[in-house]
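Raw entry16.txt, compact mmCIF, C-alpha atoms (C1' of nucleotides):
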# COMPACT_ATOMS: atom_id res chain seq x y z
CA MET A 219 -25.20 -38.13 49.64
CA ARG A 220 -26.55 -34.93 51.02
CA THR A 221 -26.54 -32.19 48.41
CA GLY A 222 -26.29 -28.44 48.87
CA ARG A 223 -23.77 -26.25 50.63
CA PRO A 224 -22.36 -28.06 53.65
CA ARG A 225 -22.66 -26.62 57.14
CA SER A 226 -19.64 -24.58 58.08
CA PHE A 227 -19.67 -25.54 61.77
CA ASP A 228 -19.87 -28.69 63.86
CA ARG A 229 -23.45 -29.09 65.01
CA ASP A 230 -22.45 -31.09 68.08
CA LYS A 231 -19.87 -28.54 69.14
CA ALA A 232 -22.41 -25.77 68.69
CA LEU A 233 -24.90 -27.66 70.83
CA GLU A 234 -22.25 -28.10 73.48
CA GLY A 235 -21.60 -24.38 73.38
CA ALA A 236 -25.30 -23.64 73.66
CA ILE A 237 -25.48 -25.83 76.76
CA ALA A 238 -22.69 -23.78 78.31
CA VAL A 239 -24.41 -20.49 77.57
CA PHE A 240 -27.83 -21.64 78.81
CA TRP A 241 -26.16 -23.19 81.85
CA GLU A 242 -24.49 -19.94 82.76
CA HIS A 243 -27.25 -17.44 82.02
CA GLY A 244 -30.49 -19.43 82.15
CA TYR A 245 -33.14 -19.48 79.47
CA ASP A 246 -34.55 -15.97 79.39
CA ALA A 247 -31.28 -14.14 79.90
CA THR A 248 -29.68 -16.04 77.03
CA SER A 249 -30.33 -13.97 73.93
CA ILE A 250 -29.85 -15.12 70.38
CA ALA A 251 -27.15 -12.49 70.00
CA LEU A 252 -25.31 -13.99 72.98
CA LEU A 253 -25.54 -17.44 71.44
CA THR A 254 -24.41 -16.39 67.99
CA SER A 255 -21.40 -14.50 69.34
CA ALA A 256 -20.47 -17.33 71.71
CA LEU A 257 -20.79 -19.99 69.03
CA GLY A 258 -19.35 -17.90 66.24
CA ILE A 259 -22.21 -18.55 63.84
CA GLY A 260 -24.85 -16.35 62.30
CA ALA A 261 -28.41 -16.25 63.52
CA ALA A 262 -29.79 -17.72 60.31
CA SER A 263 -27.46 -20.71 60.57
CA LEU A 264 -28.52 -21.28 64.13
CA TYR A 265 -32.20 -21.23 63.20
CA ALA A 266 -31.61 -23.52 60.23
CA ALA A 267 -29.77 -26.05 62.39
CA PHE A 268 -31.85 -26.05 65.56
CA GLY A 269 -35.21 -24.46 64.87
CA ASP A 270 -36.00 -21.66 67.28
CA LYS A 271 -34.63 -20.71 70.68
CA ARG A 272 -37.08 -22.93 72.50
CA ALA A 273 -36.16 -26.02 70.46
CA LEU A 274 -32.47 -25.31 70.90
CA PHE A 275 -32.95 -25.08 74.65
CA LEU A 276 -34.91 -28.32 74.79
CA GLU A 277 -32.24 -30.11 72.77
CA SER A 278 -29.53 -28.65 74.99
CA LEU A 279 -31.50 -29.79 78.02
CA ASP A 280 -31.85 -33.29 76.67
CA ARG A 281 -28.15 -33.57 76.01
CA TYR A 282 -27.32 -32.05 79.39
CA ILE A 283 -29.37 -34.66 81.19
CA ARG A 284 -27.66 -37.47 79.34
CA THR A 285 -24.15 -36.13 79.99
CA TYR A 286 -23.48 -33.64 82.78
CA GLY A 287 -26.58 -34.54 84.75
CA ALA A 288 -26.42 -38.29 84.26
CA PHE A 289 -24.61 -38.87 87.55
CA THR A 290 -27.93 -38.67 89.39
CA GLN A 291 -29.49 -41.56 87.52
CA ARG A 292 -26.22 -43.51 87.71
CA ALA A 293 -26.07 -43.12 91.49
CA LEU A 294 -29.57 -44.49 91.87
CA ALA A 295 -29.09 -47.29 89.37
CA GLU A 296 -25.61 -48.51 90.28
CA GLU A 297 -25.74 -48.38 94.07
CA PRO A 298 -27.75 -51.30 95.40
CA ASN A 299 -28.09 -49.76 98.84
CA ALA A 300 -30.36 -46.70 99.08
CA ARG A 301 -28.24 -45.08 101.74
CA ASP A 302 -25.09 -45.40 99.63
CA ALA A 303 -26.99 -44.06 96.65
CA VAL A 304 -28.01 -40.94 98.54
CA GLU A 305 -24.52 -40.39 99.88
CA ARG A 306 -23.02 -40.78 96.42
CA LEU A 307 -25.69 -38.51 95.01
CA LEU A 308 -24.85 -35.74 97.44
CA ARG A 309 -21.11 -36.13 97.05
CA GLU A 310 -21.22 -36.14 93.26
CA ALA A 311 -23.63 -33.22 93.18
CA ALA A 312 -21.30 -31.19 95.37
CA ALA A 313 -18.42 -32.03 93.02
CA ALA A 314 -20.38 -31.45 89.82
CA TYR A 315 -21.83 -28.11 90.89
CA THR A 316 -18.50 -26.55 91.82
CA ARG A 317 -16.22 -27.62 88.98
CA PRO A 318 -14.13 -24.63 87.94
CA ASP A 319 -14.24 -25.55 84.28
CA ARG A 320 -18.02 -25.52 84.10
CA PRO A 321 -20.82 -23.13 85.07
CA ARG A 322 -21.91 -23.55 88.66
CA GLY A 323 -25.02 -25.28 89.80
CA CYS A 324 -27.46 -27.38 87.86
CA LEU A 325 -29.01 -26.37 84.58
CA LEU A 326 -32.35 -27.93 85.47
CA ILE A 327 -32.55 -26.03 88.71
CA THR A 328 -31.35 -22.57 87.77
CA ALA A 329 -32.31 -22.19 84.12
CA ALA A 330 -35.89 -21.08 84.64
CA THR A 331 -36.14 -19.52 88.06
CA ASN A 332 -37.69 -16.08 87.61
CA CYS A 333 -38.49 -16.53 83.98
CA SER A 334 -40.75 -14.14 82.16
CA PRO A 335 -44.44 -15.06 81.99
CA GLN A 336 -44.27 -15.98 78.29
CA SER A 337 -41.78 -18.75 78.95
CA ALA A 338 -43.76 -20.27 81.77
CA ASP A 339 -44.06 -23.53 79.85
CA ILE A 340 -40.27 -23.90 79.90
CA ALA A 341 -40.32 -23.39 83.65
CA ALA A 342 -43.10 -25.95 84.00
CA HIS A 343 -41.15 -28.46 81.93
CA LEU A 344 -38.08 -28.04 84.12
CA ARG A 345 -40.26 -28.39 87.20
CA ASP A 346 -41.59 -31.69 85.86
CA LEU A 347 -38.08 -32.96 85.20
CA ARG A 348 -36.99 -32.10 88.72
CA ALA A 349 -40.10 -33.71 90.15
CA ALA A 350 -39.34 -36.87 88.18
CA GLY A 351 -35.87 -36.95 89.71
CA THR A 352 -37.28 -36.54 93.19
CA ARG A 353 -39.80 -39.30 92.51
CA ALA A 354 -37.04 -41.67 91.37
CA LEU A 355 -35.23 -40.99 94.61
CA GLU A 356 -38.42 -41.54 96.57
CA ASP A 357 -38.98 -44.89 94.84
CA LYS A 358 -35.45 -45.96 95.68
CA ILE A 359 -35.98 -45.07 99.34
CA ALA A 360 -39.39 -46.72 99.45
CA ALA A 361 -37.94 -49.91 97.97
CA ALA A 362 -35.25 -49.89 100.62
CA VAL A 363 -37.90 -49.50 103.32
CA ARG A 364 -39.82 -52.47 101.93
CA ALA A 365 -36.60 -54.50 101.79
CA GLY A 366 -35.92 -53.74 105.44
CA GLU A 367 -32.78 -51.70 104.78
CA LEU A 368 -34.34 -48.62 106.34
CA PRO A 369 -36.68 -48.29 109.35
CA ALA A 370 -40.27 -49.10 108.48
CA ARG A 371 -41.55 -45.76 109.65
CA THR A 372 -39.30 -43.81 107.21
CA ASP A 373 -41.27 -41.18 105.31
CA ALA A 374 -39.87 -41.79 101.83
CA HIS A 375 -41.58 -38.78 100.30
CA ALA A 376 -40.39 -36.37 102.96
CA LEU A 377 -36.86 -37.74 102.90
CA ALA A 378 -36.62 -37.56 99.12
CA THR A 379 -38.01 -34.03 99.13
CA PHE A 380 -35.49 -33.02 101.76
CA CYS A 381 -32.58 -34.47 99.79
CA SER A 382 -33.74 -32.65 96.68
CA ALA A 383 -33.94 -29.44 98.65
CA VAL A 384 -30.37 -29.90 99.87
CA ILE A 385 -29.19 -30.53 96.33
CA GLN A 386 -31.05 -27.50 95.04
CA GLY A 387 -29.51 -25.46 97.83
CA MET A 388 -26.04 -26.62 96.87
CA SER A 389 -26.78 -25.58 93.32
CA ALA A 390 -27.30 -21.98 94.43
CA MET B 175 -46.68 22.86 102.86
CA ARG B 176 -45.70 21.04 99.73
CA THR B 177 -46.97 22.85 96.67
CA GLY B 178 -47.93 21.43 93.28
CA ARG B 179 -50.33 18.73 92.25
CA PRO B 180 -50.49 16.02 94.91
CA ARG B 181 -49.63 12.42 94.12
CA SER B 182 -52.69 10.39 93.19
CA PHE B 183 -51.51 7.13 94.79
CA ASP B 184 -50.12 5.92 98.09
CA ARG B 185 -46.36 5.63 97.71
CA ASP B 186 -46.11 3.01 100.45
CA LYS B 187 -48.82 0.85 98.93
CA ALA B 188 -47.15 1.11 95.55
CA LEU B 189 -43.84 0.04 97.08
CA GLU B 190 -45.56 -2.91 98.69
CA GLY B 191 -47.03 -3.86 95.33
CA ALA B 192 -43.63 -3.56 93.68
CA ILE B 193 -42.20 -5.93 96.29
CA ALA B 194 -44.87 -8.47 95.39
CA VAL B 195 -44.15 -8.23 91.67
CA PHE B 196 -40.37 -8.44 92.07
CA TRP B 197 -40.83 -11.29 94.55
CA GLU B 198 -42.86 -13.27 92.08
CA HIS B 199 -41.00 -12.61 88.85
CA GLY B 200 -37.49 -11.61 89.88
CA TYR B 201 -35.66 -8.51 88.72
CA ASP B 202 -35.12 -9.02 85.02
CA ALA B 203 -38.46 -10.60 84.25
CA THR B 204 -40.29 -7.73 85.96
CA SER B 205 -40.93 -5.17 83.24
CA ILE B 206 -42.03 -1.61 83.79
CA ALA B 207 -45.25 -2.46 81.96
CA LEU B 208 -45.88 -5.28 84.44
CA LEU B 209 -45.31 -2.93 87.35
CA THR B 210 -47.49 -0.13 86.01
CA SER B 211 -50.39 -2.48 85.30
CA ALA B 212 -50.05 -4.22 88.67
CA LEU B 213 -49.84 -0.95 90.58
CA GLY B 214 -52.36 0.96 88.48
CA ILE B 215 -49.93 3.83 87.92
CA GLY B 216 -48.53 5.39 84.81
CA ALA B 217 -44.89 4.89 83.95
CA ALA B 218 -44.05 8.56 84.37
CA SER B 219 -45.54 8.62 87.86
CA LEU B 220 -43.51 5.58 88.81
CA TYR B 221 -40.31 7.20 87.59
CA ALA B 222 -41.11 10.46 89.36
CA ALA B 223 -41.75 8.65 92.64
CA PHE B 224 -38.99 6.05 92.69
CA GLY B 225 -36.36 6.99 90.11
CA ASP B 226 -35.62 4.16 87.72
CA LYS B 227 -36.23 0.42 87.84
CA ARG B 228 -33.00 -0.27 89.63
CA ALA B 229 -33.70 2.23 92.40
CA LEU B 230 -37.22 0.89 92.82
CA PHE B 231 -35.86 -2.61 93.18
CA LEU B 232 -33.27 -1.57 95.74
CA GLU B 233 -35.91 0.25 97.75
CA SER B 234 -38.22 -2.77 97.52
CA LEU B 235 -35.35 -4.97 98.63
CA ASP B 236 -34.60 -2.75 101.60
CA ARG B 237 -38.19 -2.81 102.74
CA TYR B 238 -38.44 -6.58 102.15
CA ILE B 239 -35.46 -7.25 104.40
CA ARG B 240 -36.95 -5.14 107.18
CA THR B 241 -40.39 -6.80 106.97
CA TYR B 242 -40.85 -10.18 105.30
CA GLY B 243 -37.24 -11.23 105.69
CA ALA B 244 -36.71 -9.89 109.20
CA PHE B 245 -37.44 -13.25 110.83
CA THR B 246 -33.90 -14.38 110.10
CA GLN B 247 -32.28 -11.60 112.07
CA ARG B 248 -34.88 -11.96 114.82
CA ALA B 249 -34.16 -15.68 115.18
CA LEU B 250 -30.47 -15.02 115.61
CA ALA B 251 -30.95 -12.07 117.94
CA GLU B 252 -33.74 -13.35 120.19
CA GLU B 253 -32.67 -16.95 120.69
CA PRO B 254 -29.80 -17.11 123.17
CA ASN B 255 -28.94 -20.70 122.26
CA ALA B 256 -27.41 -21.18 118.82
CA ARG B 257 -29.09 -24.53 118.33
CA ASP B 258 -32.52 -23.08 119.09
CA ALA B 259 -31.77 -20.18 116.77
CA VAL B 260 -31.00 -22.51 113.89
CA GLU B 261 -34.06 -24.62 114.53
CA ARG B 262 -36.28 -21.55 114.69
CA LEU B 263 -34.62 -20.21 111.56
CA LEU B 264 -35.37 -23.36 109.61
CA ARG B 265 -38.92 -23.63 110.89
CA GLU B 266 -39.79 -20.02 110.21
CA ALA B 267 -38.15 -20.15 106.80
CA ALA B 268 -40.23 -23.19 105.89
CA ALA B 269 -43.36 -21.36 107.00
CA ALA B 270 -42.46 -18.06 105.36
CA TYR B 271 -41.53 -19.57 101.99
CA THR B 272 -44.76 -21.50 101.58
CA ARG B 273 -47.40 -19.00 102.68
CA PRO B 274 -50.28 -19.18 100.22
CA ASP B 275 -50.92 -15.45 100.41
CA ARG B 276 -47.41 -14.54 99.32
CA PRO B 277 -45.04 -15.46 96.50
CA ARG B 278 -43.01 -18.55 97.26
CA GLY B 279 -39.41 -18.57 98.28
CA CYS B 280 -37.15 -15.72 99.27
CA LEU B 281 -36.75 -12.52 97.29
CA LEU B 282 -33.03 -12.32 98.05
CA ILE B 283 -32.43 -15.83 96.80
CA THR B 284 -34.56 -16.00 93.67
CA ALA B 285 -34.67 -12.43 92.39
CA ALA B 286 -31.41 -12.47 90.47
CA THR B 287 -30.59 -16.03 89.59
CA ASN B 288 -30.02 -16.15 85.83
CA CYS B 289 -30.12 -12.43 85.36
CA SER B 290 -28.94 -10.82 82.16
CA PRO B 291 -25.32 -9.67 82.03
CA GLN B 292 -26.24 -5.98 82.25
CA SER B 293 -27.83 -6.45 85.68
CA ALA B 294 -24.89 -8.36 87.08
CA ASP B 295 -24.40 -5.70 89.72
CA ILE B 296 -27.88 -6.41 91.10
CA ALA B 297 -26.97 -10.09 91.30
CA ALA B 298 -23.71 -9.24 93.03
CA HIS B 299 -25.54 -7.06 95.54
CA LEU B 300 -27.96 -9.87 96.38
CA ARG B 301 -25.05 -12.26 96.70
CA ASP B 302 -23.43 -9.94 99.20
CA LEU B 303 -26.63 -9.71 101.22
CA ARG B 304 -26.94 -13.49 101.35
CA ALA B 305 -23.30 -13.83 102.29
CA ALA B 306 -23.84 -11.36 105.12
CA GLY B 307 -26.69 -13.49 106.42
CA THR B 308 -24.57 -16.62 106.28
CA ARG B 309 -21.79 -14.80 108.11
CA ALA B 310 -24.15 -13.71 110.86
CA LEU B 311 -25.18 -17.32 111.31
CA GLU B 312 -21.56 -18.39 111.33
CA ASP B 313 -20.75 -15.83 114.02
CA LYS B 314 -23.64 -17.10 116.13
CA ILE B 315 -22.40 -20.69 115.82
CA ALA B 316 -18.80 -19.70 116.50
CA ALA B 317 -19.85 -17.84 119.64
CA ALA B 318 -21.73 -20.92 120.81
CA VAL B 319 -18.63 -23.02 120.23
CA ARG B 320 -16.53 -20.61 122.29
CA ALA B 321 -19.16 -20.67 125.04
CA GLY B 322 -19.04 -24.44 125.17
CA GLU B 323 -22.60 -24.94 123.94
CA LEU B 324 -21.41 -26.84 120.89
CA PRO B 325 -18.52 -29.31 120.50
CA ALA B 326 -15.17 -27.58 120.15
CA ARG B 327 -14.41 -29.22 116.85
CA THR B 328 -17.54 -27.82 115.19
CA ASP B 329 -16.73 -26.23 111.83
CA ALA B 330 -18.79 -23.05 112.17
CA HIS B 331 -18.22 -21.96 108.58
CA ALA B 332 -19.19 -25.31 107.09
CA LEU B 333 -22.23 -25.63 109.31
CA ALA B 334 -23.48 -22.13 108.53
CA THR B 335 -22.93 -22.70 104.83
CA PHE B 336 -24.84 -25.95 105.01
CA CYS B 337 -27.77 -24.33 106.81
CA SER B 338 -27.86 -21.57 104.21
CA ALA B 339 -27.87 -24.18 101.47
CA VAL B 340 -30.81 -25.96 103.07
CA ILE B 341 -32.69 -22.68 103.34
CA GLN B 342 -31.92 -21.81 99.74
CA GLY B 343 -33.08 -25.28 98.74
CA MET B 344 -36.37 -24.78 100.57
CA SER B 345 -36.79 -21.51 98.74
CA ALA B 346 -36.80 -23.32 95.40
C1' DT C 159 -20.54 -26.53 32.48
C1' DC C 160 -25.14 -26.23 34.31
C1' DA C 161 -29.09 -26.97 37.11
C1' DC C 162 -30.20 -27.81 41.87
C1' DT C 163 -29.98 -27.70 46.79
C1' DT C 164 -28.54 -26.07 51.06
C1' DC C 165 -26.10 -22.93 53.96
C1' DT C 166 -24.34 -18.05 55.17
C1' DG C 167 -24.20 -12.95 55.92
C1' DT C 168 -26.93 -8.85 56.01
C1' DA C 169 -30.72 -6.36 56.72
C1' DA C 170 -34.93 -5.92 58.24
C1' DC C 171 -39.45 -7.19 60.59
C1' DG C 172 -42.75 -6.21 64.56
C1' DA C 173 -42.72 -6.47 69.50
C1' DT C 174 -41.10 -5.16 73.78
C1' DC C 175 -37.61 -3.24 76.71
C1' DG C 176 -36.41 0.95 80.03
C1' DT C 177 -36.89 5.71 79.81
C1' DT C 178 -38.19 10.50 78.68
C1' DC C 179 -40.69 14.52 76.61
C1' DG C 180 -44.54 17.61 76.27
C1' DA C 181 -49.16 19.12 77.09
C1' DG C 182 -52.54 19.53 80.28
C1' DA C 183 -54.57 18.59 85.03
C1' DA C 184 -54.63 19.67 89.93
C1' DG C 185 -53.11 21.41 93.60
C1' DT C 186 -50.83 25.72 96.78
C1' DA C 187 -49.35 30.70 97.41
C1' DC C 188 -50.29 35.32 96.70
C1' DG D 141 -58.39 35.64 89.96
C1' DT D 142 -53.17 34.65 88.39
C1' DA D 143 -48.48 32.65 89.05
C1' DC D 144 -46.13 28.67 90.19
C1' DT D 145 -45.14 23.93 91.15
C1' DT D 146 -45.85 19.20 90.77
C1' DC D 147 -48.07 15.23 89.00
C1' DT D 148 -50.50 12.43 85.18
C1' DC D 149 -51.52 10.76 80.72
C1' DG D 150 -50.10 9.48 76.11
C1' DA D 151 -46.84 9.36 72.67
C1' DA D 152 -42.45 8.65 71.44
C1' DC D 153 -37.35 7.68 71.95
C1' DG D 154 -33.40 4.36 70.83
C1' DA D 155 -32.06 -0.25 72.03
C1' DT D 156 -32.73 -4.95 72.07
C1' DC D 157 -35.62 -9.00 71.73
C1' DG D 158 -36.72 -13.42 68.69
C1' DT D 159 -37.35 -14.33 64.03
C1' DT D 160 -37.32 -14.22 58.98
C1' DA D 161 -36.72 -12.64 53.87
C1' DC D 162 -33.40 -12.23 50.50
C1' DA D 163 -29.33 -12.55 47.71
C1' DG D 164 -25.22 -14.79 47.05
C1' DA D 165 -21.77 -18.48 48.30
C1' DA D 166 -20.56 -23.32 48.19
C1' DG D 167 -21.30 -27.57 47.71
C1' DT D 168 -23.47 -32.23 44.75
C1' DG D 169 -25.26 -34.75 40.61
C1' DA D 170 -25.63 -34.74 35.64
Represent the structure from my file as structure tokens, please.
Amino acid sequence: MRTGRPRSFDRDKALEGAIAVFWEHGYDATSIALLTSALGIGAASLYAAFGDKRALFLESLDRYIRTYGAFTQRALAEEPNARDAVERLLREAAAAYTRPDRPRGCLLITAATNCSPQSADIAAHLRDLRAAGTRALEDKIAAAVRAGELPARTDAHALATFCSAVIQGMSA
Amino acid sequence: MRTGRPRSFDRDKALEGAIAVFWEHGYDATSIALLTSALGIGAASLYAAFGDKRALFLESLDRYIRTYGAFTQRALAEEPNARDAVERLLREAAAAYTRPDRPRGCLLITAATNCSPQSADIAAHLRDLRAAGTRALEDKIAAAVRAGELPARTDAHALATFCSAVIQGMSA
DNA sequence: TCACTTCTGTAACGATCGTTCGAGAAGTAC
DNA sequence: GTACTTCTCGAACGATCGTTACAGAAGTGA
């Protein structure tokens, strides 16, 4: 059994709250004071539970991708046809980014636009994640081209990039 | 003649430099220290010439719209056909947002995403400016529909919103 | 009960934020 | 020359940033 004074808050609920705050304000604009007041816990507790701000953001990001943002991977994995996958992707993105009970847009897209120079690594990390998503879409399209579902002259890279741009535009 | 010690720098050049810094880092992430080092001016001189940070940003924004961002209004004003206007808009936006000698994207779109709560009015102002641009596009499309250039059932609002989303996506 | 461990609230750290004050520099007007 | 106005440099303001030290609270194991 774990000894010592038990934590007075639910770590998972706090993480969920942190996701909401980061989602709404981005990384830089989310201060520790904002987090502590939103989550109702002291700064020391937050640091003891999650490390520093950067680690808390990365953990929030990881959970976000596996929950709120998972529809993108599901669309690509569950739809056998590439065209259906793209259509579902766009439809679900439009729905997900405008839900009234959640912050608007996509955490990956908006969290680190215009970040300060000292958090450039966070911005780079988010850029990599977005690029990975675009590449997954490109692979799906390229596979469909090889399978004959799409015209042979389809530029998979350009099409995937365009779809990502549309999604990023919807997010804003 | 204006008496007193003359200003040691070119106000217009400084404003141009401020546009570049705001364009690259956004509003919140642009600190006064960043501006003074980029422009080679002391903080007091900057305040004497432009007021405070907010006023400097608004003046930079005004000048940006009339120079770098003017292609949008030109496309709508100079192209008689709505379809040509939209095509030109998209092409010129793609070119303008990827010029290697300038920061990427659009200042209006990226400057105040994820801003801190105390600069929410700046974000609201930028939102209004973007909305005005979308409305101008919508008016152009609606006029084309009335003139018979586009199908009568065209949803001008939806189409204009979609084009704006694509442009905003290209900016990111 | 008593040691031990872990968490919590408070207060503070140095750094940076936007902004301003004061002394001196650099001009014009007389 | 002197008076006057304006700008420039450096230091400093209070506020906030992310982060941590410290003392006490609240548990477990004996």
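Counting all atoms listed in the file, the residue from B:Cys289, B:Asp258, B:Ala192, B:His199 that sits nearest to Ala229 of chain B is B:Ala192.
Reported to one decimal place, the separation of atom CA of Tyr315 of chain A from atom CA of Ile341 of chain B is 17.4 Å.
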Mind listing as a compact mmCIF listing (two decimals) with C-alpha atoms, in the frame of the given file which residues of chain B are within 6 Å of chain A, counting all atoms listed in the file?
# COMPACT_ATOMS: atom_id res chain seq x y z
CA HIS B 199 -41.00 -12.61 88.85
CA GLY B 200 -37.49 -11.61 89.88
CA ALA B 203 -38.46 -10.60 84.25
CA ASN B 288 -30.02 -16.15 85.83
CA CYS B 289 -30.12 -12.43 85.36
CA SER B 290 -28.94 -10.82 82.16
CA ALA B 339 -27.87 -24.18 101.47
CA VAL B 340 -30.81 -25.96 103.07
CA GLN B 342 -31.92 -21.81 99.74
CA GLY B 343 -33.08 -25.28 98.74
CA MET B 344 -36.37 -24.78 100.57
Using all atoms listed in the file, determine which residues lie at most 10 Å from segment 282-289 of chain A, disregarding the query and same-chain residues fewer than 6 positions distant; provide the list as a PDB file with C-alpha atoms, keeping the file's coordinate frame.
ATOM      1  CA  LEU A 233     -24.900 -27.660  70.830  1.00  0.00           C
ATOM      2  CA  GLU A 234     -22.250 -28.100  73.480  1.00  0.00           C
ATOM      3  CA  ILE A 237     -25.480 -25.830  76.760  1.00  0.00           C
ATOM      4  CA  ALA A 238     -22.690 -23.780  78.310  1.00  0.00           C
ATOM      5  CA  TRP A 241     -26.160 -23.190  81.850  1.00  0.00           C
ATOM      6  CA  LEU A 276     -34.910 -28.320  74.790  1.00  0.00           C
ATOM      7  CA  ALA A 295     -29.090 -47.290  89.370  1.00  0.00           C
ATOM      8  CA  ARG A 306     -23.020 -40.780  96.420  1.00  0.00           C
ATOM      9  CA  LEU A 307     -25.690 -38.510  95.010  1.00  0.00           C
ATOM     10  CA  GLU A 310     -21.220 -36.140  93.260  1.00  0.00           C
ATOM     11  CA  ALA A 311     -23.630 -33.220  93.180  1.00  0.00           C
ATOM     12  CA  ALA A 314     -20.380 -31.450  89.820  1.00  0.00           C
ATOM     13  CA  TYR A 315     -21.830 -28.110  90.890  1.00  0.00           C
ATOM     14  CA  ARG A 320     -18.020 -25.520  84.100  1.00  0.00           C
ATOM     15  CA  CYS A 324     -27.460 -27.380  87.860  1.00  0.00           C
ATOM     16  CA  LEU A 325     -29.010 -26.370  84.580  1.00  0.00           C
ATOM     17  CA  LEU A 326     -32.350 -27.930  85.470  1.00  0.00           C
ATOM     18  CA  LEU A 347     -38.080 -32.960  85.200  1.00  0.00           C
TER      19      LEU A 347
END
Which residues of chain D have any atom within 6 Å of an atom in chain B when counting only C-alpha atoms (C1' of nucleotides), and what is the closest pair of atoms for each, with the distance in Å to one decimal? Order the rows by chain and rising number and write it as JSON lines.
{"residue": "D:DT145", "atom": "C1'", "partner": "B:Gly178", "partner_atom": "CA", "distance": 4.3}
{"residue": "D:DT146", "atom": "C1'", "partner": "B:Gly178", "partner_atom": "CA", "distance": 3.9}
{"residue": "D:DC147", "atom": "C1'", "partner": "B:Arg179", "partner_atom": "CA", "distance": 5.3}
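The spacing separating atom C1' of DA163 of chain D from atom CA of Gly235 of chain A amounts to 29.3 Å.
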task = Kindly provide, as a ChimeraX atom specification, the residues of chain C having any atom no farther than 6 Å from an atom of chain A, counting only C-alpha atoms (C1' of nucleotides).
result = /C:163-165
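Here atom CA of Phe224 of chain B stands at a distance of 11.0 Å from atom CA of Asp186 of chain B.
The neighbours of Ile206 of chain B here are the residues that come within 10 Å of it, using all atoms listed in the file and leaving out any residue fewer than 6 positions away in the same chain; they are Ala212, Gly216, Ala217, Leu220, Tyr221, Asp226 and Lys227 of chain B; DC175, DG176 and DT177 of chain C.
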For a cut-off of 9 Å around (-30.9, -8.0, 57.0), file coordinates, pick out all residues using all atoms listed in the file and list them as a ChimeraX atom specification.
/C:167-170 /D:161-162
Nearby residues (only C-alpha atoms (C1' of nucleotides)) at most 10 Å from DG169 of chain D, same-chain spacing under 6 positions excluded, as a list of chain:residue names: A:Met219, A:Thr221, C:DA161, C:DC162
